[in-house]
Each structure stands twice: as C-alpha cells, then as structure tokens.
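K.L.:
Provided herewith: my_file.cif, mmCIF, C-alpha atoms.
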```cif
data_run
#
loop_
_atom_site.label_atom_id
_atom_site.label_comp_id
_atom_site.auth_asym_id
_atom_site.auth_seq_id
_atom_site.Cartn_x
_atom_site.Cartn_y
_atom_site.Cartn_z
CA MET A 30 19.02 -43.92 85.23
CA GLY A 31 21.84 -46.04 86.52
CA GLY A 32 21.90 -47.96 83.23
CA LEU A 33 22.29 -44.74 81.25
CA VAL A 34 25.23 -43.65 83.38
CA GLU A 35 26.86 -47.03 82.90
CA ASP A 36 26.38 -46.78 79.13
CA ILE A 37 28.02 -43.32 79.05
CA GLN A 38 30.92 -44.57 81.16
CA ARG A 39 31.34 -47.56 78.86
CA ILE A 40 31.37 -45.33 75.75
CA ILE A 41 33.94 -43.02 77.30
CA GLY A 42 35.96 -45.96 78.53
CA ASP A 43 35.97 -47.59 75.09
CA GLY A 44 37.40 -44.42 73.53
CA ILE A 45 34.41 -43.82 71.23
CA PHE A 46 33.77 -40.43 72.76
CA GLN A 47 37.40 -39.37 72.37
CA SER A 48 37.39 -40.51 68.73
CA CYS A 49 34.25 -38.49 67.97
CA VAL A 50 35.75 -35.39 69.59
CA VAL A 51 38.97 -35.76 67.60
CA ALA A 52 36.97 -36.36 64.41
CA ALA A 53 34.95 -33.19 65.04
CA LEU A 54 38.14 -31.20 65.62
CA ILE A 55 39.64 -32.52 62.39
CA ILE A 56 36.50 -31.53 60.45
CA VAL A 57 36.54 -28.05 61.96
CA ALA A 58 40.26 -27.66 61.22
CA THR A 59 39.71 -28.85 57.65
CA GLY A 60 36.94 -26.30 57.15
CA VAL A 61 39.12 -23.50 58.50
CA ILE A 62 42.08 -24.48 56.30
CA SER A 63 39.80 -24.75 53.24
CA SER A 64 38.38 -21.27 53.89
CA VAL A 65 41.83 -19.71 54.42
CA VAL A 66 43.28 -21.32 51.29
CA SER A 67 40.26 -20.27 49.20
CA LYS A 68 40.58 -16.64 50.31
CA LEU A 69 44.33 -16.73 49.67
CA LEU A 70 43.79 -18.10 46.16
CA HIS A 71 41.13 -15.44 45.52
CA LYS A 72 43.69 -12.78 46.41
CA ILE A 73 46.54 -14.33 44.43
CA MET A 74 44.46 -14.99 41.31
CA GLN A 75 42.88 -11.56 41.02
CA VAL A 76 43.15 -10.20 37.49
CA ASP A 77 43.43 -6.42 37.20
CA GLY A 78 41.82 -6.04 40.61
CA LEU A 79 38.83 -8.20 39.58
CA PRO A 80 38.18 -10.95 42.17
CA LEU A 81 37.34 -14.34 40.75
CA PRO A 82 33.95 -15.90 41.47
CA SER A 83 33.90 -18.67 44.06
CA SER A 84 33.31 -21.24 41.30
CA SER A 85 36.79 -20.85 39.78
CA ILE A 86 38.19 -24.24 38.93
CA ILE A 87 41.51 -23.88 40.77
CA ILE A 88 39.76 -22.81 43.97
CA ASN A 89 37.30 -25.70 43.76
CA ILE A 90 40.10 -28.20 43.17
CA ALA A 91 41.93 -26.85 46.22
CA ARG A 92 38.79 -27.19 48.34
CA ILE A 93 38.12 -30.75 47.19
CA THR A 94 41.74 -31.76 47.79
CA ILE A 95 41.81 -30.30 51.31
CA TRP A 96 38.50 -31.92 52.30
CA ALA A 97 39.56 -35.27 50.82
CA LEU A 98 42.79 -35.23 52.84
CA GLY A 99 40.93 -34.15 55.98
CA LEU A 100 38.37 -36.93 55.68
CA CYS A 101 41.07 -39.54 55.01
CA ILE A 102 43.01 -38.44 58.09
CA MET A 103 39.84 -38.51 60.20
CA LEU A 104 38.74 -41.99 59.04
CA SER A 105 42.22 -43.44 59.43
CA SER A 106 43.18 -41.96 62.82
CA CYS A 107 39.80 -41.93 64.56
CA PHE A 108 37.95 -44.96 63.22
CA ASN A 109 40.78 -47.20 61.93
CA VAL A 110 39.32 -47.26 58.43
CA ASP A 111 41.58 -48.70 55.73
CA VAL A 112 41.84 -45.60 53.54
CA ASN A 113 43.85 -47.41 50.86
CA GLY A 114 41.13 -50.02 50.43
CA LEU A 115 38.47 -47.30 50.37
CA ILE A 116 40.34 -45.39 47.69
CA ALA A 117 40.69 -48.56 45.61
CA ALA A 118 36.96 -49.22 45.91
CA LEU A 119 36.16 -45.66 44.94
CA GLY A 120 38.51 -45.97 41.97
CA ILE A 121 36.61 -48.97 40.63
CA GLY A 122 33.32 -47.18 41.12
CA GLY A 123 34.76 -44.06 39.51
CA VAL A 124 35.56 -45.95 36.31
CA ALA A 125 31.96 -47.07 36.02
CA LEU A 126 30.67 -43.61 36.85
CA SER A 127 32.96 -41.94 34.33
CA LEU A 128 31.34 -43.86 31.49
CA GLY A 129 28.13 -41.99 32.14
CA LEU A 130 29.81 -38.63 32.71
CA GLN A 131 32.07 -38.40 29.69
CA ASP A 132 30.99 -34.88 28.72
CA THR A 133 31.38 -33.62 32.29
CA ILE A 134 34.84 -35.15 32.61
CA LYS A 135 35.81 -33.76 29.19
CA ASN A 136 34.77 -30.28 30.29
CA PHE A 137 36.59 -30.67 33.61
CA ILE A 138 39.84 -31.66 31.88
CA GLY A 139 39.26 -28.87 29.38
CA GLY A 140 38.87 -26.43 32.27
CA LEU A 141 42.20 -27.54 33.71
CA GLN A 142 43.90 -27.08 30.35
CA VAL A 143 42.31 -23.66 29.83
CA THR A 144 43.39 -22.52 33.31
CA LEU A 145 46.86 -24.05 33.57
CA MET A 146 47.85 -23.20 29.99
CA LYS A 147 46.29 -19.73 30.37
CA ILE A 148 44.37 -20.07 27.12
CA VAL A 149 41.84 -17.62 28.50
CA ARG A 150 41.74 -15.82 31.84
CA PRO A 151 39.18 -13.61 33.55
CA GLY A 152 39.44 -10.14 32.08
CA ASP A 153 40.48 -11.35 28.60
CA HIS A 154 38.57 -10.02 25.59
CA VAL A 155 37.85 -13.06 23.44
CA LYS A 156 35.85 -14.21 20.45
CA VAL A 157 34.73 -17.86 20.43
CA GLY A 158 32.72 -18.68 17.34
CA GLU A 159 29.98 -16.04 17.16
CA ILE A 160 30.36 -15.08 20.84
CA GLU A 161 32.50 -12.08 21.66
CA GLY A 162 33.03 -10.50 25.07
CA ILE A 163 34.98 -10.47 28.31
CA VAL A 164 35.81 -13.64 30.25
CA GLN A 165 34.27 -13.52 33.74
CA ASP A 166 35.30 -16.93 35.10
CA VAL A 167 36.60 -20.39 34.19
CA SER A 168 34.79 -22.96 36.32
CA TRP A 169 35.15 -26.74 36.44
CA ARG A 170 32.64 -27.22 33.60
CA GLN A 171 32.33 -24.01 31.60
CA SER A 172 33.76 -20.59 30.94
CA VAL A 173 31.56 -17.54 31.48
CA VAL A 174 31.80 -14.78 28.89
CA LYS A 175 29.92 -11.48 29.13
CA ASP A 176 29.29 -9.90 25.76
CA TYR A 177 29.24 -6.17 25.10
CA GLU A 178 25.47 -6.07 25.69
CA ASN A 179 25.99 -7.53 29.19
CA ASN A 180 24.59 -10.96 28.24
CA LEU A 181 26.29 -13.94 29.92
CA HIS A 182 27.31 -16.89 27.73
CA LEU A 183 28.22 -20.26 29.30
CA ILE A 184 30.70 -21.94 26.97
CA PRO A 185 31.72 -25.56 27.75
CA ASN A 186 35.46 -25.82 28.31
CA ALA A 187 35.66 -28.65 25.79
CA VAL A 188 34.34 -26.25 23.13
CA ILE A 189 37.03 -23.67 23.98
CA ASN A 190 39.70 -26.37 23.66
CA SER A 191 38.40 -27.50 20.27
CA THR A 192 37.46 -24.10 18.80
CA ALA A 193 39.69 -21.32 17.57
CA VAL A 194 39.77 -18.60 20.24
CA GLN A 195 40.57 -15.06 19.14
CA LYS A 196 41.95 -12.85 21.92
CA ILE A 197 41.55 -9.11 21.52
CA SER A 198 44.42 -7.17 23.01
CA PRO A 199 43.31 -4.63 25.64
CA ASP A 200 45.32 -2.06 23.67
CA LEU A 201 42.96 -2.53 20.71
CA LEU A 202 39.72 -2.12 22.65
CA VAL A 203 39.06 1.56 23.33
CA ALA A 204 36.37 2.45 25.87
CA THR A 205 35.29 5.80 27.22
CA ARG A 206 32.41 7.19 29.26
CA ILE A 207 30.11 9.72 27.62
CA SER A 208 27.02 11.72 28.53
CA PHE A 209 24.55 13.28 26.13
CA VAL A 210 21.18 15.01 25.85
CA ASN A 211 18.36 13.41 23.85
CA ASP A 212 15.70 16.17 23.93
CA GLY A 213 12.83 13.71 23.57
CA ARG A 214 13.95 12.19 20.27
CA ASP A 215 13.87 8.48 19.53
CA LEU A 216 16.75 7.16 21.63
CA ASP A 217 17.72 4.37 19.24
CA GLU A 218 17.98 6.84 16.34
CA THR A 219 20.09 9.20 18.43
CA ILE A 220 22.49 6.44 19.43
CA ALA A 221 22.72 5.18 15.84
CA GLU A 222 23.60 8.69 14.63
CA MET A 223 26.25 9.08 17.33
CA GLU A 224 27.79 5.71 16.44
CA GLN A 225 27.93 6.64 12.75
CA LEU A 226 29.49 10.03 13.46
CA ALA A 227 32.08 8.43 15.74
CA LYS A 228 32.84 5.77 13.12
CA ARG A 229 33.45 8.33 10.38
CA ALA A 230 35.70 10.38 12.62
CA ILE A 231 37.74 7.38 13.80
CA GLU A 232 38.28 6.04 10.28
CA LYS A 233 40.05 9.30 9.39
CA VAL A 234 42.59 8.57 12.15
CA ALA A 235 42.96 4.77 12.40
CA PRO A 236 41.49 1.62 10.81
CA LEU A 237 38.65 -0.05 12.72
CA GLU A 238 38.32 -3.74 13.50
CA LYS A 239 34.90 -3.30 15.12
CA ASP A 240 32.69 -0.25 14.69
CA PRO A 241 31.78 1.93 17.70
CA TRP A 242 28.85 0.84 19.81
CA ILE A 243 27.22 2.65 22.70
CA LEU A 244 25.73 1.03 25.81
CA LEU A 245 23.63 3.05 28.22
CA THR A 246 24.64 2.95 31.88
CA GLU A 247 22.35 5.51 33.50
CA ILE A 248 19.48 7.88 32.63
CA GLY A 249 18.98 10.92 34.85
CA GLU A 250 17.18 14.23 34.98
CA TYR A 251 20.03 16.13 33.34
CA GLY A 252 21.14 13.67 30.69
CA ILE A 253 22.04 10.15 29.69
CA TRP A 254 25.28 8.38 30.65
CA ALA A 255 26.76 5.63 28.53
CA LYS A 256 29.93 3.82 27.49
CA MET A 257 31.25 3.94 23.96
CA ARG A 258 33.57 1.19 22.77
CA PHE A 259 35.34 0.36 19.53
CA VAL A 260 38.13 -2.00 18.47
CA LEU A 261 41.09 -0.83 16.39
CA LYS A 262 43.18 -2.95 14.05
CA GLU A 263 46.35 -1.57 15.63
CA PRO A 264 46.85 0.43 18.84
CA THR A 265 49.20 3.12 17.56
CA HIS A 266 46.58 5.88 17.32
CA ALA A 267 44.22 4.80 20.10
CA ARG A 268 44.40 8.15 21.87
CA GLU A 269 43.81 10.12 18.68
CA ALA A 270 40.91 7.81 17.74
CA ARG A 271 39.22 8.36 21.10
CA ASP A 272 39.68 12.12 20.76
CA ALA A 273 38.21 12.11 17.24
CA ALA A 274 35.18 10.08 18.35
CA LEU A 275 34.46 12.38 21.30
CA ARG A 276 34.80 15.50 19.14
CA ALA A 277 32.40 14.03 16.59
CA ILE A 278 29.62 13.39 19.12
CA SER A 279 30.25 16.49 21.23
CA PRO A 280 27.25 18.39 19.74
CA TYR A 281 24.96 15.86 21.42
CA THR A 282 26.02 17.19 24.81
CA ARG A 283 24.34 20.52 24.05
CA ILE A 284 20.74 21.49 24.60
CA ASN A 285 20.12 21.69 20.86
CA ALA A 286 21.27 18.10 20.33
CA SER A 287 18.05 17.30 18.44
CA GLU A 288 19.19 19.63 15.64
CA VAL A 289 22.30 17.55 14.92
CA LEU A 290 21.87 15.59 11.70
CA LEU A 291 23.77 12.55 10.55
CA GLY A 292 24.84 14.41 7.39
CA ASN A 293 26.85 16.90 9.44
CA GLY A 294 29.61 14.33 9.78
CA ASP A 295 30.40 14.72 6.07
CA GLU A 296 31.22 18.39 6.36
CA ASP A 297 34.92 19.24 6.69
#
```
Can you present the structure in this file as structure tokens?

P.N.:
Amino acid sequence: MGGLVEDIQRIIGDGIFQSCVVAALIIVATGVISSVVSKLLHKIMQVDGLPLPSSSIIINIARITIWALGLCIMLSSCFNVDVNGLIAALGIGGVALSLGLQDTIKNFIGGLQVTLMKIVRPGDHVKVGEIEGIVQDVSWRQSVVKDYENNLHLIPNAVINSTAVQKISPDLLVATRISFVNDGRDLDETIAEMEQLAKRAIEKVAPLEKDPWILLTEIGEYGIWAKMRFVLKEPTHAREARDAALRAISPYTRINASEVLLGNGDED
C-alpha cells in the first residue's frame, strides 16, 4: 500500500498527472468548439430553410481542421512532442497513401471546387447526364441528388466537374399539390389520363420543357393526395400554366371521376 502511495506521489510530482488533466481539458474544449462551429455552419449554410446534412464537405473540413489544431496544441504543450517533425512524417506518409487513393482525392478536390465555386448547391434542380433531380448535399466524396421519383443518386464529385451540368431555374419548375378521387379504377391509368389532360392544357398557354408528372404523397379514406410538377421553357406564364393544368384535371376531384375520358381534353 505504501508503495502505491509513493508511486502516485511520484507521478504527481513529475507533472504527468497535470499534463494528463490539461490534455483532457484541451480535448473537451476542442470537442465543444467543433460542435459549436458545426452548428453555426449549419445555420449559415441553410438553403431556402433546408438544413444541410452533417456530411456536408465544408462542415467536415471545419471539424477536421479544429481537431487537428487541438491535437497539435495538446501534443506540443502537454507532452513536448515535436509537432513540426510529426507533420513532416505524416506528409511523407501521405504522399505514399495518396497514390492508392487517387479517386478519393480527386472526388475530395472536386467536392471543394463544386462547393466553393457554387457549381451546384443543395436545393438546386440539376440534370447530370441521365440523372435529373434536386441536390440534397455535397459531401467530401459525392453529391446526393434526389430525382422526381424520390430515388437518391450518389454522383462522384469528379463526375460533376467533368460532366456538363444543366441547372433548371426554380422559376421554370412549377409544382402544386392536388387531390383527386379514383373510384376504384386502375390508379396508373387515372394518373396517366390526368397527366395527358394537364399537358394538353398547359401547351395552349406556354411551351413545355418537361411534361407534367404526378407523384402520390398520401392515400386516405376520402381521396388521394399528390404533387404535380412540370417544367416550362420560359417562366413568363407559369401562373397561367398552373391554372390551366388544375382546371383540366378538376373533374377528377368529383365523385364521378371514373366517367372522365381522356378524349374530353380535345373538346373546346
């Protein structure tokens, strides 16, 4: 027992205990600062009220930078570690490691370019190759795009940098909520008829870039709720186009919706 007490006194006397306490405090402080900065960046980088996922590249870079500085301060001040020599050693090892991670590094640099140059941002409506949808996030490796059928596509940042990206102006994308009655008919046929009726009505008002499509959001006892979207070639008559589409499909909100035929859209 006496030997244990002597060992504790020796550790405290040598300053090891104090160094460990200071190191623990630095780690805690680093974690707190990292959390505060991450939350602040989340708030600053919100796009149209949409908070970014925690994997956003800028937020991750901030976290890594803060933790790297915190660890360097801890090693240098508490344990007298030569941080410069450690960084040099890590640099040599990083060169060797980078040879095996070329694609990852390419995507990381691509993510920085996409973010800093604002090529795409969360909330943008984009078309990359055959993929078209809304950007959800730009992470350190890939950009996440949700298409209009709610499928998520993970596109490497290097691909976005090397592929033509078409951005659809929010003014060109028209979206509106609708509800309708199906009366036991085949749902796919009903939706197809509604889309065709809306298309014919819109084309009388404004040229279409992408035909109307309807996505269901909820099915209840008293009807079906959905979202109808279409893309115009120019935004001048967006309000009139929405009005025309809603008027064209309005019969489907009635109890006798099953009597509505696709040919009715041709009658003027």

K.L.:
With only C-alpha atoms counted and 12 Å as the cut-off, give the residues of range 185-213 of chain A in contact with range 164-178 of chain A, each with its shortest interatomic distance in Å and the pair that gives it, as a Markdown table.

P.N.:
```
| residue | atom | partner | partner_atom | distance |
| --- | --- | --- | --- | --- |
| A:Pro185 | CA | A:Gln171 | CA | 4.2 |
| A:Asn186 | CA | A:Gln171 | CA | 4.9 |
| A:Ala187 | CA | A:Gln171 | CA | 8.1 |
| A:Val188 | CA | A:Gln171 | CA | 9.0 |
| A:Ile189 | CA | A:Ser172 | CA | 8.3 |
| A:Asn190 | CA | A:Ser172 | CA | 11.0 |
| A:Val194 | CA | A:Val164 | CA | 11.9 |
| A:Lys196 | CA | A:Val164 | CA | 10.4 |
| A:Ile197 | CA | A:Val164 | CA | 11.4 |
| A:Leu202 | CA | A:Tyr177 | CA | 11.5 |
| A:Ala204 | CA | A:Tyr177 | CA | 11.2 |
```

K.L.:
Just the residues within 10 Å of Ile220 in chain A, please, counting all atoms listed in the file, with nothing from its chain fewer than 6 positions along; format it as a ChimeraX atom specification.

P.N.:
/A:209,211,226,242-245,278,281

K.L.:
Could you please take those selected residues and save C-alpha atoms as a PDB file, in the frame of the given file?

P.N.:
```pdb
ATOM      1  CA  PHE A 209      24.550  13.280  26.130  1.00  0.00           C
ATOM      2  CA  ASN A 211      18.360  13.410  23.850  1.00  0.00           C
ATOM      3  CA  LEU A 226      29.490  10.030  13.460  1.00  0.00           C
ATOM      4  CA  TRP A 242      28.850   0.840  19.810  1.00  0.00           C
ATOM      5  CA  ILE A 243      27.220   2.650  22.700  1.00  0.00           C
ATOM      6  CA  LEU A 244      25.730   1.030  25.810  1.00  0.00           C
ATOM      7  CA  LEU A 245      23.630   3.050  28.220  1.00  0.00           C
ATOM      8  CA  ILE A 278      29.620  13.390  19.120  1.00  0.00           C
ATOM      9  CA  TYR A 281      24.960  15.860  21.420  1.00  0.00           C
TER      10      TYR A 281
END
```

K.L.:
Please write the residues picked by the PyMOL selection byres ((chain A and resi 157) around 9) on this file as number ranges by chain.

P.N.:
A: 155-156, 158-162, 184, 188-189, 192-196

K.L.:
Show me the residues around (13.7, 17.9, 29.5) - criterion: an atom at most 9 Å away, all atoms listed in the file counted - as a list in words.

P.N.:
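Those within range, by chain then number, are Val210, Asn211, Asp212, Gly213, Glu250, Tyr251 and Gly252 of chain A.
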
K.L.:
For Ile248 in chain A, which of A:Ala221, A:Ile207, A:Val51, A:Val260 is the closest residue, counting all atoms listed in the file?

P.N.:
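Smallest distance to Ile248 in chain A is found for A:Ile207.
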
K.L.:
Which residues, written as a PyMOL selection string, have at least one atom at most 10 Å from range 92-100 of chain A, with all atoms listed in the file counted and residues fewer than 2 positions away on the same chain left out?

P.N.:
chain A and resi 52+55-60+62-64+66-67+86-90+102-106+112

K.L.:
Record the distance separating CA of Asp153 in chain A and CA of Leu201 in chain A, expressed in Å with one decimal.

P.N.:
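Computing it gives 12.1 Å between the two atoms.
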
K.L.:
Quick one: what's the axis-aligned box for range 175-192 of chain A, all listed atoms, 4 Å on every side, centre and edges in Å to one decimal, as JSON?

P.N.:
```
{"center_x": 32.1, "center_y": -17.4, "center_z": 24.4, "size_x": 23.1, "size_y": 30.6, "size_z": 19.1}
```

K.L.:
Using all atoms listed in the file, can you tell me which of A:Cys49, A:Val203, A:Val234, A:Ala255 comes closest to Phe108 in chain A?

P.N.:
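Counting all atoms listed in the file, the residue closest to Phe108 in chain A is A:Cys49.
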
K.L.:
Could you check how far CA of Arg229 in chain A sits from CA of Thr282 in chain A, in Å to one decimal?

P.N.:
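Result for CA of Arg229 in chain A versus CA of Thr282 in chain A: 18.5 Å, one decimal.
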
K.L.:
List as a PyMOL selection string the protein and nucleic acid residues near Ala270 in chain A, meaning an atom at most 9 Å away when all atoms listed in the file are counted, but skip any in the same chain fewer than 5 places from it.

P.N.:
chain A and resi 203+230-235+261+275

K.L.:
Keeping only C-alpha atoms, write the selected residues as an mmCIF file, keeping the file's coordinate frame.

P.N.:
```cif
data_model
loop_
_atom_site.group_PDB
_atom_site.id
_atom_site.type_symbol
_atom_site.label_atom_id
_atom_site.label_comp_id
_atom_site.auth_asym_id
_atom_site.auth_seq_id
_atom_site.Cartn_x
_atom_site.Cartn_y
_atom_site.Cartn_z
ATOM 1 C CA VAL A 203 39.060 1.560 23.330
ATOM 2 C CA ALA A 230 35.700 10.380 12.620
ATOM 3 C CA ILE A 231 37.740 7.380 13.800
ATOM 4 C CA GLU A 232 38.280 6.040 10.280
ATOM 5 C CA LYS A 233 40.050 9.300 9.390
ATOM 6 C CA VAL A 234 42.590 8.570 12.150
ATOM 7 C CA ALA A 235 42.960 4.770 12.400
ATOM 8 C CA LEU A 261 41.090 -0.830 16.390
ATOM 9 C CA LEU A 275 34.460 12.380 21.300
#
```

K.L.:
What is the distance between CA of Ser198 in chain A and CA of Arg271 in chain A, in Å to one decimal?

P.N.:
16.5 Å

K.L.:
Kindly indicate which residue among A:Pro236, A:Thr219, A:Thr205, A:Ser279 lies nearest to Arg258 in chain A, using all atoms listed in the file for the distances.

P.N.:
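That would be A:Thr205, the residue with the smallest distance to Arg258 in chain A.
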
K.L.:
Using all atoms listed in the file, which of the listed residues (A:His266, A:Ala91, A:Cys107, A:Ala227) sits closest to Val50 in chain A?

P.N.:
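Selected residue with least distance to Val50 in chain A: A:Cys107.
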